Amino acid sequence: MCDHCGCSIVDDHRHHHQHSHGHDHDHGLEDESRRAIEVRRALLSRNERLAERNRGMFMGRGITVLNLMSSPGSGKTALIERTLADLPGDRRIGVIVGDLATENDARRIRDQGVHAIQISTGTACHLDAHMVHHALEELDLASIDLLFIENVGNLVCPASFDLGEEARVVIIAVTEGEDKPLKYPVIFHDADLVIVNKIDLAEAVAYSHEEVVANIRQVAPAAEVIELSALTGTGMDAWFRWLERSAAKGVRAPP
Amino acid sequence: MHELGLAQETLAIALDEARRQGARRILCMRLRIGDLSGVVVEALRFALETVAENTPAAGARIEVDRVVPACYCNQCRCEFEVQAHSYICPRCGDISLDLRRGREMDLISMEVV
């Protein structure tokens, strides 16, 4: 039970119409009393409300939050690991990792001495603002100024759920095919940055830089594109510069 | 995508609104779904029918208005429909970042008794 986000709302409603007398309504009356009512509410309004609450908490504490999204195996965790190892300066980083099962990714990150919270979603195909809200209860927000949220590996569902992040980063690997942005346009459309990972394999898979950039431009005209290899470190400096720019832009002093 | 979860949210909103308006039963729910929302309308319809069972919304008709995505072109000062995920204005060829419609996921209205 959660006081802040109304976890129990759905259950309350479910039990609202328990008949002891079965379901024999008087259908003769229905035509007379039938009426139209306006609703005009967003289906995801609960998520949006919680996302704004998260965002307010991040802004108040001056934490830059990035939502990292990709298909499974594109290298989200590897990118975070490499970033933790090589990011210059003294950024204090926290990580929230979403997967259907296991603590494996969080363990990989904790091995580097960084505070990582694993959200095991069970069967859910995406993180939502509610899950992040509860993960934040376990994170010492005073001790971080940069938070990576590694979403569940999936290029469809995470696109619809605002988590309260400052920016969205979508990661693809050169091995996935140049037309990935055209196949999953919705998630790319909202990206602030698209990272093309595993660039060290470009030659082996006959990767076309021009084609990928053109495809990203078509569905996400505003997104920046960075090619890198989290394995070898190639291109990581461009990502670090982007991170510093986002952090500089994102940190706002409390009112 | 996650149509079952979305259906549960929809039902919660519908039942809340029905209760506030003093309605006994929900006969029809009208939704507005944008083509860029990621929602598979038929999956949402099926999920909503399923979660509505044994609630005041059981058997309710589900009507869905689809919304074709549209962008606003700053050069031409007018809207254009986004076809096949292309954000290029058909008049001037400029790329538009100003998406005005197409992400909707709303419960618009209901018929109740």
# chains A, B, ... in the order shown; residues from 1 in each chain; ligands from 1
call {"tool": "interface_residues", "arguments": {"of": "chain B", "to": "chain A", "cutoff": "10 Å", "atoms": "only C-alpha atoms", "output": "PDB file with C-alpha atoms, in the first residue's frame"}}
result
ATOM      1  CA  MET B   1       2.227  -3.521 -26.106  1.00  0.00           C
ATOM      2  CA  HIS B   2       0.853  -3.432 -22.553  1.00  0.00           C
ATOM      3  CA  GLU B   3      -2.830  -3.299 -23.540  1.00  0.00           C
ATOM      4  CA  GLY B   5      -2.474  -2.679 -18.078  1.00  0.00           C
ATOM      5  CA  LEU B   6      -3.877   0.107 -20.182  1.00  0.00           C
ATOM      6  CA  ALA B   7      -7.302  -1.548 -20.104  1.00  0.00           C
ATOM      7  CA  GLN B   8      -7.141  -1.699 -16.308  1.00  0.00           C
ATOM      8  CA  GLU B   9      -6.336   2.025 -16.163  1.00  0.00           C
ATOM      9  CA  THR B  10      -9.198   2.743 -18.569  1.00  0.00           C
ATOM     10  CA  LEU B  11     -11.634   0.741 -16.500  1.00  0.00           C
ATOM     11  CA  ALA B  12     -10.505   2.447 -13.283  1.00  0.00           C
ATOM     12  CA  ILE B  13     -11.087   5.878 -14.833  1.00  0.00           C
ATOM     13  CA  ALA B  14     -14.456   4.826 -16.282  1.00  0.00           C
ATOM     14  CA  LEU B  15     -15.721   3.348 -12.998  1.00  0.00           C
ATOM     15  CA  ASP B  16     -14.492   6.364 -11.047  1.00  0.00           C
ATOM     16  CA  GLU B  17     -16.298   8.729 -13.381  1.00  0.00           C
ATOM     17  CA  ALA B  18     -19.468   6.603 -13.357  1.00  0.00           C
ATOM     18  CA  ARG B  19     -19.493   6.566  -9.567  1.00  0.00           C
ATOM     19  CA  GLN B  21     -21.881  10.860 -11.795  1.00  0.00           C
ATOM     20  CA  ALA B  23     -24.434   6.017 -12.726  1.00  0.00           C
ATOM     21  CA  ARG B  24     -25.447   2.407 -12.207  1.00  0.00           C
ATOM     22  CA  ARG B  25     -24.045   0.938 -15.379  1.00  0.00           C
ATOM     23  CA  ILE B  26     -21.774   1.898 -18.238  1.00  0.00           C
ATOM     24  CA  LEU B  27     -23.275   1.121 -21.646  1.00  0.00           C
ATOM     25  CA  CYS B  28     -20.638   2.614 -23.897  1.00  0.00           C
ATOM     26  CA  MET B  29     -17.059   3.903 -23.609  1.00  0.00           C
ATOM     27  CA  ARG B  30     -15.664   6.139 -26.329  1.00  0.00           C
ATOM     28  CA  LEU B  31     -11.870   6.227 -26.614  1.00  0.00           C
ATOM     29  CA  ARG B  32      -9.574   8.387 -28.693  1.00  0.00           C
ATOM     30  CA  ILE B  33      -6.372   6.629 -29.745  1.00  0.00           C
ATOM     31  CA  ASP B  35      -1.790   6.183 -34.395  1.00  0.00           C
ATOM     32  CA  LEU B  36       1.530   7.081 -32.716  1.00  0.00           C
ATOM     33  CA  SER B  37       0.372   5.991 -29.255  1.00  0.00           C
ATOM     34  CA  GLY B  38       1.703   2.468 -29.763  1.00  0.00           C
ATOM     35  CA  VAL B  39      -1.672   1.014 -28.811  1.00  0.00           C
ATOM     36  CA  VAL B  51     -11.373  -6.685 -17.352  1.00  0.00           C
ATOM     37  CA  ALA B  52     -14.866  -5.138 -17.455  1.00  0.00           C
ATOM     38  CA  ASN B  54     -18.323  -8.500 -13.367  1.00  0.00           C
ATOM     39  CA  THR B  55     -18.110  -4.721 -13.095  1.00  0.00           C
ATOM     40  CA  PRO B  56     -20.707  -2.026 -13.937  1.00  0.00           C
ATOM     41  CA  ALA B  57     -18.983  -1.756 -17.313  1.00  0.00           C
ATOM     42  CA  ALA B  84       4.372   6.487 -42.906  1.00  0.00           C
ATOM     43  CA  HIS B  85       6.275   8.173 -40.045  1.00  0.00           C
ATOM     44  CA  SER B  86       7.637  10.891 -42.293  1.00  0.00           C
ATOM     45  CA  TYR B  87       7.799  14.286 -40.605  1.00  0.00           C
ATOM     46  CA  ILE B  88       8.646  16.117 -43.816  1.00  0.00           C
ATOM     47  CA  ILE B  95      11.286  18.570 -41.295  1.00  0.00           C
ATOM     48  CA  SER B  96       8.822  19.460 -38.546  1.00  0.00           C
ATOM     49  CA  LEU B  97       9.455  18.725 -34.867  1.00  0.00           C
ATOM     50  CA  ARG B 103      -0.179  10.389 -29.342  1.00  0.00           C
ATOM     51  CA  GLU B 104      -3.686  10.438 -27.831  1.00  0.00           C
ATOM     52  CA  MET B 105      -4.848   7.778 -25.387  1.00  0.00           C
ATOM     53  CA  ASP B 106      -7.985   9.250 -23.851  1.00  0.00           C
ATOM     54  CA  LEU B 107     -11.340   8.199 -22.509  1.00  0.00           C
ATOM     55  CA  ILE B 108     -13.528  10.847 -24.114  1.00  0.00           C
ATOM     56  CA  SER B 109     -17.075  10.094 -23.056  1.00  0.00           C
ATOM     57  CA  MET B 110     -19.426   7.392 -21.881  1.00  0.00           C
ATOM     58  CA  GLU B 111     -23.064   6.434 -22.075  1.00  0.00           C
ATOM     59  CA  VAL B 112     -24.410   5.442 -18.693  1.00  0.00           C
ATOM     60  CA  VAL B 113     -27.638   4.690 -16.908  1.00  0.00           C
TER      61      VAL B 113
END
call {"tool": "residues_around", "arguments": {"residues": "Thr234 of chain A", "least_positions_apart": "4", "cutoff": "12 Å", "atoms": "only C-alpha atoms", "output": "ChimeraX atom specification"}}
result
/A:79,82,86,196-201,226-230,238-240
call {"tool": "select_by_dssp", "arguments": {"residues": "chain B", "states": "helix (DSSP H, G or I)", "output": "number ranges by chain"}}
result
B: 3-20, 41-52
call {"tool": "atom_distance", "arguments": {"atom1": "atom CA of Gln118 of chain A", "atom2": "atom CA of Ala106 of chain A"}}
result
5.5 Å
call {"tool": "residues_around", "arguments": {"residues": "Leu136 of chain A", "least_positions_apart": "3", "cutoff": "12 Å", "atoms": "only C-alpha atoms", "output": "MDAnalysis selection string"}}
result
chainID A and resid 53:55 57:58 65 94:97 115:119 129:133 139:142 144 147 149 163:164
call {"tool": "closest_residue", "arguments": {"among": "A:Asn104, A:Glu165, A:Leu66, A:Gly153", "to": "Trp242 of chain A", "atoms": "only C-alpha atoms"}}
result
A:Leu66
call {"tool": "closest_residue", "arguments": {"among": "A:Leu231, A:Ala173, A:Ala247, A:Ile80", "to": "Tyr207 of chain A", "atoms": "only C-alpha atoms"}}
result
A:Ala173
call {"tool": "decode", "arguments": {"residues": "segment 5-112 of chain B", "atoms": "C-alpha atoms", "output": "PDB file, in the first residue's frame"}}
result
ATOM      1  CA  GLY B   5      -2.474  -2.679 -18.078  1.00  0.00           C
ATOM      2  CA  LEU B   6      -3.877   0.107 -20.182  1.00  0.00           C
ATOM      3  CA  ALA B   7      -7.302  -1.548 -20.104  1.00  0.00           C
ATOM      4  CA  GLN B   8      -7.141  -1.699 -16.308  1.00  0.00           C
ATOM      5  CA  GLU B   9      -6.336   2.025 -16.163  1.00  0.00           C
ATOM      6  CA  THR B  10      -9.198   2.743 -18.569  1.00  0.00           C
ATOM      7  CA  LEU B  11     -11.634   0.741 -16.500  1.00  0.00           C
ATOM      8  CA  ALA B  12     -10.505   2.447 -13.283  1.00  0.00           C
ATOM      9  CA  ILE B  13     -11.087   5.878 -14.833  1.00  0.00           C
ATOM     10  CA  ALA B  14     -14.456   4.826 -16.282  1.00  0.00           C
ATOM     11  CA  LEU B  15     -15.721   3.348 -12.998  1.00  0.00           C
ATOM     12  CA  ASP B  16     -14.492   6.364 -11.047  1.00  0.00           C
ATOM     13  CA  GLU B  17     -16.298   8.729 -13.381  1.00  0.00           C
ATOM     14  CA  ALA B  18     -19.468   6.603 -13.357  1.00  0.00           C
ATOM     15  CA  ARG B  19     -19.493   6.566  -9.567  1.00  0.00           C
ATOM     16  CA  ARG B  20     -18.991  10.324  -9.385  1.00  0.00           C
ATOM     17  CA  GLN B  21     -21.881  10.860 -11.795  1.00  0.00           C
ATOM     18  CA  GLY B  22     -24.138   8.509  -9.874  1.00  0.00           C
ATOM     19  CA  ALA B  23     -24.434   6.017 -12.726  1.00  0.00           C
ATOM     20  CA  ARG B  24     -25.447   2.407 -12.207  1.00  0.00           C
ATOM     21  CA  ARG B  25     -24.045   0.938 -15.379  1.00  0.00           C
ATOM     22  CA  ILE B  26     -21.774   1.898 -18.238  1.00  0.00           C
ATOM     23  CA  LEU B  27     -23.275   1.121 -21.646  1.00  0.00           C
ATOM     24  CA  CYS B  28     -20.638   2.614 -23.897  1.00  0.00           C
ATOM     25  CA  MET B  29     -17.059   3.903 -23.609  1.00  0.00           C
ATOM     26  CA  ARG B  30     -15.664   6.139 -26.329  1.00  0.00           C
ATOM     27  CA  LEU B  31     -11.870   6.227 -26.614  1.00  0.00           C
ATOM     28  CA  ARG B  32      -9.574   8.387 -28.693  1.00  0.00           C
ATOM     29  CA  ILE B  33      -6.372   6.629 -29.745  1.00  0.00           C
ATOM     30  CA  GLY B  34      -3.625   8.242 -31.805  1.00  0.00           C
ATOM     31  CA  ASP B  35      -1.790   6.183 -34.395  1.00  0.00           C
ATOM     32  CA  LEU B  36       1.530   7.081 -32.716  1.00  0.00           C
ATOM     33  CA  SER B  37       0.372   5.991 -29.255  1.00  0.00           C
ATOM     34  CA  GLY B  38       1.703   2.468 -29.763  1.00  0.00           C
ATOM     35  CA  VAL B  39      -1.672   1.014 -28.811  1.00  0.00           C
ATOM     36  CA  VAL B  40      -3.002  -1.964 -30.751  1.00  0.00           C
ATOM     37  CA  VAL B  41      -6.668  -1.025 -30.779  1.00  0.00           C
ATOM     38  CA  GLU B  42      -8.034  -4.549 -31.175  1.00  0.00           C
ATOM     39  CA  ALA B  43      -5.871  -5.812 -28.307  1.00  0.00           C
ATOM     40  CA  LEU B  44      -7.032  -2.944 -26.097  1.00  0.00           C
ATOM     41  CA  ARG B  45     -10.659  -3.635 -26.999  1.00  0.00           C
ATOM     42  CA  PHE B  46     -10.308  -7.314 -26.118  1.00  0.00           C
ATOM     43  CA  ALA B  47      -8.492  -6.549 -22.845  1.00  0.00           C
ATOM     44  CA  LEU B  48     -11.040  -3.925 -21.845  1.00  0.00           C
ATOM     45  CA  GLU B  49     -13.955  -6.283 -22.490  1.00  0.00           C
ATOM     46  CA  THR B  50     -12.205  -8.882 -20.355  1.00  0.00           C
ATOM     47  CA  VAL B  51     -11.373  -6.685 -17.352  1.00  0.00           C
ATOM     48  CA  ALA B  52     -14.866  -5.138 -17.455  1.00  0.00           C
ATOM     49  CA  GLU B  53     -16.516  -8.475 -16.733  1.00  0.00           C
ATOM     50  CA  ASN B  54     -18.323  -8.500 -13.367  1.00  0.00           C
ATOM     51  CA  THR B  55     -18.110  -4.721 -13.095  1.00  0.00           C
ATOM     52  CA  PRO B  56     -20.707  -2.026 -13.937  1.00  0.00           C
ATOM     53  CA  ALA B  57     -18.983  -1.756 -17.313  1.00  0.00           C
ATOM     54  CA  ALA B  58     -19.621  -5.390 -18.248  1.00  0.00           C
ATOM     55  CA  GLY B  59     -20.794  -5.732 -21.827  1.00  0.00           C
ATOM     56  CA  ALA B  60     -20.293  -2.032 -22.560  1.00  0.00           C
ATOM     57  CA  ARG B  61     -19.863  -1.055 -26.200  1.00  0.00           C
ATOM     58  CA  ILE B  62     -16.366   0.181 -26.931  1.00  0.00           C
ATOM     59  CA  GLU B  63     -16.029   2.850 -29.602  1.00  0.00           C
ATOM     60  CA  VAL B  64     -12.630   3.998 -30.763  1.00  0.00           C
ATOM     61  CA  ASP B  65     -11.842   7.175 -32.679  1.00  0.00           C
ATOM     62  CA  ARG B  66      -8.478   6.858 -34.413  1.00  0.00           C
ATOM     63  CA  VAL B  67      -6.362   9.989 -34.720  1.00  0.00           C
ATOM     64  CA  VAL B  68      -4.075  10.381 -37.718  1.00  0.00           C
ATOM     65  CA  PRO B  69      -0.844  12.089 -36.629  1.00  0.00           C
ATOM     66  CA  ALA B  70      -0.311  15.666 -37.754  1.00  0.00           C
ATOM     67  CA  CYS B  71       2.609  18.074 -37.546  1.00  0.00           C
ATOM     68  CA  TYR B  72       2.683  21.853 -37.800  1.00  0.00           C
ATOM     69  CA  CYS B  73       5.049  23.350 -40.355  1.00  0.00           C
ATOM     70  CA  ASN B  74       6.517  26.650 -39.209  1.00  0.00           C
ATOM     71  CA  GLN B  75       7.476  27.700 -42.733  1.00  0.00           C
ATOM     72  CA  CYS B  76       4.056  27.114 -44.296  1.00  0.00           C
ATOM     73  CA  ARG B  77       2.124  27.921 -41.120  1.00  0.00           C
ATOM     74  CA  CYS B  78      -0.177  24.968 -41.522  1.00  0.00           C
ATOM     75  CA  GLU B  79      -0.617  21.389 -40.416  1.00  0.00           C
ATOM     76  CA  PHE B  80       0.149  18.318 -42.462  1.00  0.00           C
ATOM     77  CA  GLU B  81      -0.659  14.659 -41.866  1.00  0.00           C
ATOM     78  CA  VAL B  82       2.246  12.405 -40.936  1.00  0.00           C
ATOM     79  CA  GLN B  83       2.261   9.599 -43.487  1.00  0.00           C
ATOM     80  CA  ALA B  84       4.372   6.487 -42.906  1.00  0.00           C
ATOM     81  CA  HIS B  85       6.275   8.173 -40.045  1.00  0.00           C
ATOM     82  CA  SER B  86       7.637  10.891 -42.293  1.00  0.00           C
ATOM     83  CA  TYR B  87       7.799  14.286 -40.605  1.00  0.00           C
ATOM     84  CA  ILE B  88       8.646  16.117 -43.816  1.00  0.00           C
ATOM     85  CA  CYS B  89       6.233  18.867 -44.877  1.00  0.00           C
ATOM     86  CA  PRO B  90       4.828  17.958 -48.303  1.00  0.00           C
ATOM     87  CA  ARG B  91       4.707  21.637 -49.324  1.00  0.00           C
ATOM     88  CA  CYS B  92       8.183  22.923 -48.505  1.00  0.00           C
ATOM     89  CA  GLY B  93      10.155  19.760 -47.667  1.00  0.00           C
ATOM     90  CA  ASP B  94      11.187  20.992 -44.215  1.00  0.00           C
ATOM     91  CA  ILE B  95      11.286  18.570 -41.295  1.00  0.00           C
ATOM     92  CA  SER B  96       8.822  19.460 -38.546  1.00  0.00           C
ATOM     93  CA  LEU B  97       9.455  18.725 -34.867  1.00  0.00           C
ATOM     94  CA  ASP B  98       6.072  20.040 -33.824  1.00  0.00           C
ATOM     95  CA  LEU B  99       3.777  17.028 -33.480  1.00  0.00           C
ATOM     96  CA  ARG B 100       0.279  18.338 -32.804  1.00  0.00           C
ATOM     97  CA  ARG B 101      -1.749  15.096 -32.864  1.00  0.00           C
ATOM     98  CA  GLY B 102      -1.253  11.362 -32.894  1.00  0.00           C
ATOM     99  CA  ARG B 103      -0.179  10.389 -29.342  1.00  0.00           C
ATOM    100  CA  GLU B 104      -3.686  10.438 -27.831  1.00  0.00           C
ATOM    101  CA  MET B 105      -4.848   7.778 -25.387  1.00  0.00           C
ATOM    102  CA  ASP B 106      -7.985   9.250 -23.851  1.00  0.00           C
ATOM    103  CA  LEU B 107     -11.340   8.199 -22.509  1.00  0.00           C
ATOM    104  CA  ILE B 108     -13.528  10.847 -24.114  1.00  0.00           C
ATOM    105  CA  SER B 109     -17.075  10.094 -23.056  1.00  0.00           C
ATOM    106  CA  MET B 110     -19.426   7.392 -21.881  1.00  0.00           C
ATOM    107  CA  GLU B 111     -23.064   6.434 -22.075  1.00  0.00           C
ATOM    108  CA  VAL B 112     -24.410   5.442 -18.693  1.00  0.00           C
TER     109      VAL B 112
END
